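Chemist: Structure supplied as entry-v7.cif; contents: mmCIF, C-alpha atoms and all ligand atoms.
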```cif
data_input
loop_
_atom_site.label_atom_id
_atom_site.label_comp_id
_atom_site.auth_asym_id
_atom_site.auth_seq_id
_atom_site.Cartn_x
_atom_site.Cartn_y
_atom_site.Cartn_z
CA MET Q 1 0.00 0.00 0.00
CA ARG Q 2 1.37 3.39 -0.97
CA ARG Q 3 -1.51 5.85 -0.42
CA VAL Q 4 -2.60 5.49 3.15
CA VAL Q 5 -4.51 7.37 5.86
CA PHE Q 6 -3.84 6.87 9.59
CA LEU Q 7 -7.10 7.54 11.43
CA GLY Q 8 -7.79 7.47 15.16
CA PRO Q 9 -8.32 9.51 18.30
CA PRO Q 10 -5.77 11.92 19.79
CA GLY Q 11 -3.02 9.97 21.53
CA ALA Q 12 -3.66 6.69 19.70
CA GLY Q 13 -0.06 6.61 18.46
CA LYS Q 14 -0.68 7.62 14.83
CA GLY Q 15 2.25 10.03 14.74
CA THR Q 16 4.66 7.60 16.42
CA GLN Q 17 3.81 4.82 13.97
CA ALA Q 18 3.60 7.08 10.91
CA ALA Q 19 7.10 8.47 11.52
CA ARG Q 20 8.49 4.94 11.83
CA CYS Q 21 6.59 3.61 8.83
CA ALA Q 22 7.53 6.54 6.62
CA ARG Q 23 11.21 5.74 7.25
CA GLU Q 24 10.76 2.02 6.65
CA GLN Q 25 8.51 2.33 3.59
CA ASN Q 26 10.19 5.44 2.16
CA LEU Q 27 6.95 7.42 2.03
CA PRO Q 28 6.40 11.08 2.92
CA HIS Q 29 4.78 11.47 6.36
CA ILE Q 30 2.20 14.23 5.98
CA ALA Q 31 0.87 15.12 9.45
CA THR Q 32 -1.60 18.00 9.48
CA GLY Q 33 -0.88 18.72 13.16
CA ASP Q 34 2.84 19.11 12.37
CA LEU Q 35 2.16 21.29 9.31
CA LEU Q 36 -0.15 23.52 11.33
CA ARG Q 37 2.36 23.80 14.22
CA GLN Q 38 5.09 24.79 11.71
CA ASN Q 39 2.78 27.52 10.39
CA VAL Q 40 2.08 28.73 13.93
CA GLU Q 41 5.81 28.84 14.77
CA SER Q 42 6.64 30.71 11.56
CA GLY Q 43 3.78 33.17 12.13
CA THR Q 44 2.25 32.64 8.67
CA PRO Q 45 -1.29 33.98 8.03
CA LEU Q 46 -2.54 30.37 8.19
CA GLY Q 47 -0.72 29.79 11.49
CA CYS Q 48 -2.17 32.99 12.99
CA LYS Q 49 -5.71 31.89 12.07
CA ALA Q 50 -5.17 28.29 13.26
CA LYS Q 51 -3.49 28.92 16.63
CA ALA Q 52 -6.55 29.75 18.75
CA PHE Q 53 -8.43 26.69 17.48
CA MET Q 54 -5.47 24.42 18.20
CA ASP Q 55 -4.87 25.78 21.70
CA ARG Q 56 -8.52 25.14 22.55
CA GLY Q 57 -8.32 21.60 21.15
CA GLU Q 58 -10.79 22.33 18.36
CA LEU Q 59 -10.49 21.53 14.68
CA VAL Q 60 -9.03 24.22 12.46
CA PRO Q 61 -11.73 25.20 9.89
CA ASP Q 62 -11.97 22.82 6.93
CA ASP Q 63 -11.24 25.39 4.21
CA LEU Q 64 -7.87 26.26 5.78
CA VAL Q 65 -6.79 22.65 6.29
CA ILE Q 66 -8.02 21.38 2.92
CA GLY Q 67 -6.03 24.05 1.07
CA MET Q 68 -2.92 23.26 3.11
CA VAL Q 69 -3.12 19.51 2.43
CA ASP Q 70 -3.86 19.95 -1.27
CA ALA Q 71 -0.75 22.11 -1.59
CA ARG Q 72 1.36 19.55 0.30
CA LEU Q 73 0.05 16.61 -1.75
CA GLY Q 74 1.09 18.51 -4.87
CA HIS Q 75 4.79 18.17 -3.95
CA ARG Q 76 6.81 15.80 -6.07
CA ASP Q 77 7.53 13.43 -3.17
CA GLY Q 78 3.82 12.56 -2.92
CA VAL Q 79 3.39 11.30 -6.47
CA GLU Q 80 4.30 7.69 -5.65
CA GLY Q 81 2.49 7.58 -2.32
CA PHE Q 82 2.00 9.18 1.10
CA LEU Q 83 1.11 8.52 4.71
CA LEU Q 84 -1.56 11.00 5.79
CA ASP Q 85 -1.59 11.32 9.60
CA GLY Q 86 -4.50 13.20 11.19
CA TYR Q 87 -6.27 13.95 7.89
CA PRO Q 88 -9.09 13.71 6.97
CA ARG Q 89 -10.81 14.55 10.24
CA SER Q 90 -14.28 15.55 9.05
CA VAL Q 91 -16.66 14.48 6.29
CA PRO Q 92 -15.91 17.62 4.18
CA GLN Q 93 -12.16 16.82 4.46
CA ALA Q 94 -12.77 13.20 3.36
CA GLU Q 95 -14.80 14.42 0.38
CA ALA Q 96 -12.09 16.94 -0.52
CA LEU Q 97 -9.43 14.21 -0.38
CA ASP Q 98 -11.52 12.03 -2.72
CA ARG Q 99 -11.80 14.92 -5.19
CA THR Q 100 -8.07 15.65 -5.06
CA LEU Q 101 -7.13 12.01 -5.64
CA ARG Q 102 -9.72 11.63 -8.39
CA ASP Q 103 -8.31 14.68 -10.18
CA ARG Q 104 -4.91 12.98 -10.05
CA ARG Q 105 -6.40 9.67 -11.25
CA VAL Q 106 -5.34 7.76 -8.16
CA SER Q 107 -7.22 6.38 -5.16
CA LEU Q 108 -6.67 5.58 -1.49
CA ASP Q 109 -5.15 2.13 -0.95
CA GLY Q 110 -6.14 1.88 2.70
CA VAL Q 111 -7.18 3.57 5.92
CA LEU Q 112 -5.65 2.23 9.16
CA TYR Q 113 -7.87 2.82 12.18
CA PHE Q 114 -5.94 2.98 15.46
CA GLY Q 115 -8.31 1.76 18.17
CA VAL Q 116 -7.35 2.43 21.82
CA ALA Q 117 -9.33 2.53 25.09
CA PRO Q 118 -10.16 6.10 26.23
CA GLU Q 119 -8.27 5.79 29.56
CA THR Q 120 -5.12 4.77 27.64
CA LEU Q 121 -5.42 7.87 25.42
CA VAL Q 122 -5.50 10.16 28.44
CA GLU Q 123 -2.49 8.38 29.98
CA ARG Q 124 -0.51 8.65 26.72
CA LEU Q 125 -1.28 12.33 26.15
CA GLY Q 126 -0.62 13.21 29.79
CA GLY Q 127 2.90 11.75 29.60
CA ARG Q 128 3.87 12.97 26.12
CA ARG Q 129 6.93 15.18 25.81
CA THR Q 130 7.97 16.79 22.53
CA CYS Q 131 11.40 18.05 21.54
CA ARG Q 132 11.44 21.80 20.96
CA ALA Q 133 14.22 21.38 18.37
CA CYS Q 134 13.66 18.19 16.32
CA LYS Q 135 9.95 17.67 17.28
CA ALA Q 136 10.50 14.01 18.23
CA ASN Q 137 7.84 12.57 20.56
CA TYR Q 138 8.51 10.68 23.79
CA HIS Q 139 6.48 9.40 26.70
CA VAL Q 140 7.78 9.76 30.24
CA ARG Q 141 6.95 6.08 30.98
CA PHE Q 142 6.33 4.22 27.72
CA LEU Q 143 8.92 5.78 25.38
CA PRO Q 144 11.38 7.67 27.59
CA PRO Q 145 14.44 9.51 26.28
CA LYS Q 146 17.91 8.28 27.32
CA VAL Q 147 18.22 11.20 29.78
CA PRO Q 148 15.01 12.37 31.53
CA GLY Q 149 13.80 15.75 30.21
CA VAL Q 150 16.32 15.87 27.35
CA CYS Q 151 15.74 14.72 23.77
CA ASP Q 152 18.22 12.20 22.38
CA CYS Q 153 19.21 15.02 19.96
CA GLY Q 154 20.08 17.23 22.97
CA GLY Q 155 17.02 19.52 22.65
CA ASP Q 156 14.62 20.51 25.47
CA LEU Q 157 11.52 18.37 25.98
CA VAL Q 158 8.29 20.30 26.51
CA VAL Q 159 4.58 19.58 27.08
CA ARG Q 160 2.45 20.46 24.05
CA GLU Q 161 -0.02 23.29 24.83
CA ASP Q 162 -2.96 21.09 23.80
CA ASP Q 163 -1.83 18.16 26.00
CA ARG Q 164 -3.00 20.04 29.12
CA PRO Q 165 -6.01 18.28 30.71
CA GLU Q 166 -8.71 20.75 29.62
CA ALA Q 167 -7.60 20.73 25.96
CA VAL Q 168 -7.27 16.92 26.01
CA ARG Q 169 -10.89 16.60 27.18
CA ARG Q 170 -12.00 18.95 24.40
CA ARG Q 171 -9.97 17.08 21.74
CA LEU Q 172 -11.53 13.76 22.74
CA ASP Q 173 -15.04 15.30 22.50
CA VAL Q 174 -14.22 16.85 19.13
CA TYR Q 175 -12.94 13.50 17.88
CA ARG Q 176 -16.18 11.77 18.96
CA ASP Q 177 -18.40 14.47 17.41
CA GLN Q 178 -16.58 15.28 14.16
CA THR Q 179 -14.11 12.54 13.24
CA ALA Q 180 -15.30 9.17 14.59
CA SER Q 181 -17.96 8.84 11.87
CA LEU Q 182 -15.16 8.46 9.30
CA VAL Q 183 -14.52 4.95 10.65
CA ALA Q 184 -17.94 3.80 9.37
CA HIS Q 185 -17.50 5.88 6.21
CA TYR Q 186 -14.29 4.09 5.22
CA ARG Q 187 -15.43 0.68 6.51
CA ALA Q 188 -18.45 0.92 4.19
CA ARG Q 189 -16.04 1.54 1.31
CA SER Q 190 -14.04 -1.58 2.29
CA VAL Q 191 -10.75 0.26 2.65
CA LEU Q 192 -10.58 0.19 6.47
CA HIS Q 193 -8.11 -1.92 8.46
CA ASP Q 194 -8.40 -2.17 12.24
CA VAL Q 195 -5.18 -1.79 14.23
CA ASP Q 196 -5.23 -2.81 17.90
CA ALA Q 197 -3.16 0.18 19.00
CA GLY Q 198 -3.39 -0.45 22.73
CA GLY Q 199 -0.24 -2.60 22.85
CA ALA Q 200 3.44 -1.72 23.02
CA PRO Q 201 4.90 0.34 20.14
CA ASP Q 202 6.73 -2.63 18.57
CA ALA Q 203 3.61 -4.80 18.62
CA VAL Q 204 1.59 -2.03 16.95
CA ALA Q 205 4.35 -1.47 14.37
CA ALA Q 206 4.31 -5.16 13.45
CA GLN Q 207 0.55 -5.03 12.74
CA VAL Q 208 0.94 -1.85 10.68
CA ALA Q 209 3.77 -3.36 8.62
CA ARG Q 210 1.72 -6.50 7.90
CA ILE Q 211 -1.21 -4.40 6.69
CA LEU Q 212 0.94 -2.13 4.51
CA ASP Q 213 2.69 -5.13 3.02
CA GLY Q 214 -0.73 -6.49 2.00
CA GLN Q 215 -0.61 -9.51 4.29
CA VAL Q 216 -3.89 -8.68 6.06
CA ARG Q 217 -7.33 -8.71 4.46
CA LYS Q 218 -9.54 -5.63 4.67
CA ALA Q 219 -12.06 -5.29 7.50
CA ARG Q 220 -15.57 -6.37 6.43
CA PRO Q 221 -18.25 -3.64 6.08
P1 LIG Q 301 -2.45 16.52 15.92
O1 LIG Q 301 -1.08 16.93 16.15
O2 LIG Q 301 -2.80 15.74 14.71
O3 LIG Q 301 -2.97 15.82 17.21
P2 LIG Q 301 -3.91 14.53 17.41
O4 LIG Q 301 -4.65 13.95 16.29
O5 LIG Q 301 -4.75 14.98 18.51
O6 LIG Q 301 -2.93 13.43 17.58
P3 LIG Q 301 -1.79 13.37 18.60
O7 LIG Q 301 -0.57 13.94 18.00
O8 LIG Q 301 -2.22 13.93 19.92
O9 LIG Q 301 -1.74 11.79 18.83
P4 LIG Q 301 -1.11 10.62 17.99
O10 LIG Q 301 -2.19 9.64 17.67
O11 LIG Q 301 -0.29 11.11 16.85
O12 LIG Q 301 -0.21 9.97 19.13
P5 LIG Q 301 1.37 9.99 19.33
O13 LIG Q 301 2.00 9.08 18.35
O14 LIG Q 301 1.90 11.39 19.43
O15 LIG Q 301 -3.42 17.79 15.88
C1 LIG Q 301 -3.28 18.86 16.80
C2 LIG Q 301 -4.31 19.92 16.50
O16 LIG Q 301 -4.12 20.45 15.16
C3 LIG Q 301 -5.77 19.45 16.50
O17 LIG Q 301 -6.32 19.44 17.80
C4 LIG Q 301 -6.42 20.50 15.60
O18 LIG Q 301 -6.59 21.72 16.27
C5 LIG Q 301 -5.37 20.71 14.52
N1 LIG Q 301 -5.52 19.77 13.41
C6 LIG Q 301 -4.67 18.76 13.04
N2 LIG Q 301 -5.13 18.14 11.96
C7 LIG Q 301 -6.31 18.73 11.65
C8 LIG Q 301 -7.28 18.49 10.65
N3 LIG Q 301 -7.15 17.50 9.74
N4 LIG Q 301 -8.38 19.29 10.61
C9 LIG Q 301 -8.54 20.31 11.50
N5 LIG Q 301 -7.66 20.58 12.48
C10 LIG Q 301 -6.56 19.79 12.55
O19 LIG Q 301 1.45 9.29 20.77
C11 LIG Q 301 0.93 9.94 21.94
C12 LIG Q 301 1.83 9.60 23.14
O20 LIG Q 301 1.76 8.18 23.37
C13 LIG Q 301 3.31 9.91 22.92
O21 LIG Q 301 3.85 10.30 24.17
C14 LIG Q 301 3.93 8.57 22.49
O22 LIG Q 301 5.28 8.47 22.88
C15 LIG Q 301 3.06 7.58 23.26
N6 LIG Q 301 2.85 6.32 22.53
C16 LIG Q 301 2.66 6.18 21.19
N7 LIG Q 301 2.44 4.88 20.90
C17 LIG Q 301 2.47 4.21 22.10
C18 LIG Q 301 2.27 2.84 22.44
N8 LIG Q 301 2.01 1.90 21.53
N9 LIG Q 301 2.36 2.52 23.75
C19 LIG Q 301 2.61 3.45 24.71
N10 LIG Q 301 2.82 4.76 24.43
C20 LIG Q 301 2.73 5.14 23.12
#
```
Show the structure stored in the file as structure tokens.
Ligand code: AP5

Modeler:
Amino acid sequence: MRRVVFLGPPGAGKGTQAARCAREQNLPHIATGDLLRQNVESGTPLGCKAKAFMDRGELVPDDLVIGMVDARLGHRDGVEGFLLDGYPRSVPQAEALDRTLRDRRVSLDGVLYFGVAPETLVERLGGRRTCRACKANYHVRFLPPKVPGVCDCGGDLVVREDDRPEAVRRRLDVYRDQTASLVAHYRARSVLHDVDAGGAPDAVAAQVARILDGQVRKARP
């Protein structure tokens, strides 16, 4: 599989697995959260509009995100395939992705749904630390750096603004209300694969690799 979406709630481990998979499968990792945070840091007009939504744990409006993803998918490195992480996240985004791929005469090969129990999500987000310099993700208990508080690259580890408890609660509600319906949407199209993402990172990575290598049949509608 070369054109793939990673779908799932905040904290399910999509970013951790997508970064690993992109290296192993030589595919561009296109994470809308990362693209938006880069825009915020650089102070672009898009970043200035997006920041307040992100800090509150709400979705950035569809028109802004759809334009950003379309532009990114137009890069040369996406012609042979891509790993979309955190997009689409609403029905209008899913429809826009279909249109974009149709215009390019390609289609989605698969959607991997990362299923995790809600209490695990809260535990993962509460312990996440992100490197200010290289943006690598750690977890204080499950994926700790070699030296506590310091990234393996030497950068400072910080707590993401939207990993604070109030924003986490909001993000989980927003996922339930605006994104979760995409699971049924893609299952009905027979492109969905379930990943049991509650296990250790290596166990999850093994499932993902088997699916991407075409060794697992699609989930039934
Ligand atoms: P985004 O950055 O996409 O956040 P998210 O979807 O909420 O996802 P996370 O990054 O929180 O979780 P993840 O599943 O990637 O988990 P991770 O691998 O980091 O979006 C941020 C914001 O941007 C949104 O709230 C919204 O405002 C905006 N936005 C983004 N996309 C948008 C869109 N399409 N439309 C509109 N707005 C958009 O892992 C989490 C933690 O768990 C880490 O500490 C990790 O080390 C640990 N961990 C990972 N795997 C395991 C494991 N197997 N076992 C134990 N620990 C693990």

Chemist: Quick one: everything within 7 Å of range 7-20 of chain Q, counting all atoms listed in the file, minus sequence neighbours fewer than 5 positions away in the same chain. Send it as a PyMOL selection string.

Modeler: chain Q and resi 29+83+85-86+111-116+121+124-125+171-172+175+197+205

Chemist: Let me see the file: selected residues, C-alpha atoms, as a PDB file, in the coordinates of the input.

Modeler:
```pdb
ATOM      1  CA  HIS Q  29       4.780  11.470   6.360  1.00  0.00           C
ATOM      2  CA  LEU Q  83       1.110   8.520   4.710  1.00  0.00           C
ATOM      3  CA  ASP Q  85      -1.590  11.320   9.600  1.00  0.00           C
ATOM      4  CA  GLY Q  86      -4.500  13.200  11.190  1.00  0.00           C
ATOM      5  CA  VAL Q 111      -7.180   3.570   5.920  1.00  0.00           C
ATOM      6  CA  LEU Q 112      -5.650   2.230   9.160  1.00  0.00           C
ATOM      7  CA  TYR Q 113      -7.870   2.820  12.180  1.00  0.00           C
ATOM      8  CA  PHE Q 114      -5.940   2.980  15.460  1.00  0.00           C
ATOM      9  CA  GLY Q 115      -8.310   1.760  18.170  1.00  0.00           C
ATOM     10  CA  VAL Q 116      -7.350   2.430  21.820  1.00  0.00           C
ATOM     11  CA  LEU Q 121      -5.420   7.870  25.420  1.00  0.00           C
ATOM     12  CA  ARG Q 124      -0.510   8.650  26.720  1.00  0.00           C
ATOM     13  CA  LEU Q 125      -1.280  12.330  26.150  1.00  0.00           C
ATOM     14  CA  ARG Q 171      -9.970  17.080  21.740  1.00  0.00           C
ATOM     15  CA  LEU Q 172     -11.530  13.760  22.740  1.00  0.00           C
ATOM     16  CA  TYR Q 175     -12.940  13.500  17.880  1.00  0.00           C
ATOM     17  CA  ALA Q 197      -3.160   0.180  19.000  1.00  0.00           C
ATOM     18  CA  ALA Q 205       4.350  -1.470  14.370  1.00  0.00           C
TER      19      ALA Q 205
END
```

Chemist: Would you give me, as a Markdown table, each residue of range 61-128 of chain Q having an atom within 8 Å of an atom of range 182-192 of chain Q, along with its shortest atom pair and that distance in Å to one decimal, using only C-alpha atoms and sorting by chain and residue number?

Modeler:
```
| residue | atom | partner | partner_atom | distance |
| --- | --- | --- | --- | --- |
| Q:Arg89 | CA | Q:Leu182 | CA | 7.5 |
| Q:Ser90 | CA | Q:Leu182 | CA | 7.1 |
| Q:Val91 | CA | Q:Leu182 | CA | 6.9 |
| Q:Ala94 | CA | Q:Leu182 | CA | 8.0 |
| Q:Leu108 | CA | Q:Val191 | CA | 7.9 |
| Q:Asp109 | CA | Q:Val191 | CA | 6.9 |
| Q:Gly110 | CA | Q:Val191 | CA | 4.9 |
| Q:Val111 | CA | Q:Leu192 | CA | 4.8 |
| Q:Leu112 | CA | Q:Leu192 | CA | 6.0 |
| Q:Tyr113 | CA | Q:Leu192 | CA | 6.8 |
```

Chemist: Between Q:Cys131, Q:Met1, Q:Val40, Q:Ala167, which one has atoms that come closest to Asp213 in chain Q, using all atoms listed in the file?

Modeler: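 Checking each candidate against Asp213 in chain Q, we get Q:Met1 as the closest.
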
Chemist: Enclose ligand LIG 301 (chain Q), meaning all of its atoms listed in the file, in a box aligned along x, y and z, pad it by 3 Å on each side, and list the centre and edge lengths in Å to one decimal, as lines of an AutoDock Vina configuration file.

Modeler:
```
center_x = -1.6
center_y = 11.8
center_z = 17.2
size_x = 19.8
size_y = 25.8
size_z = 21.0
```

Chemist: Quick one: everything within 9 Å of Asp163 in chain Q, counting only C-alpha atoms, minus sequence neighbours fewer than 6 positions away in the same chain. Send it as a PyMOL selection string.

Modeler: chain Q and resi 57+125-128

Chemist: So how far away is CA of Arg37 in chain Q from atom O18 of ligand LIG 301 (chain Q), in Å?

Modeler: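 Here the two named atoms are 9.4 Å from each other.
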
Chemist: Could you check the closest approach to Ala22 in chain Q for each of Q:Lys49, Q:Arg76, Q:Arg3, Q:Arg102 and tell me which residue wins, using only C-alpha atoms?

Modeler: Q:Arg3

Chemist: I'd like the interatomic distance between CA of Tyr138 in chain Q and atom O18 of ligand LIG 301 (chain Q), to a tenth of an Å.

Modeler: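 Between CA of Tyr138 in chain Q and atom O18 of ligand LIG 301 (chain Q) the gap works out to 20.2 Å.
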
Chemist: So which one's closest to ligand LIG 301 (chain Q), Q:Asn39, Q:Gln178, Q:Thr32, Q:Thr44? Using all atoms listed in the file, please.

Modeler: Q:Thr32

Chemist: So, with all atoms listed in the file as the atoms that count, which of Q:Glu24, Q:Asp152, Q:Glu161, Q:Glu80 lies closest to ligand LIG 301 (chain Q)?

Modeler: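 When distances to ligand LIG 301 (chain Q) are compared using all atoms listed in the file, the smallest one comes from Q:Glu161.
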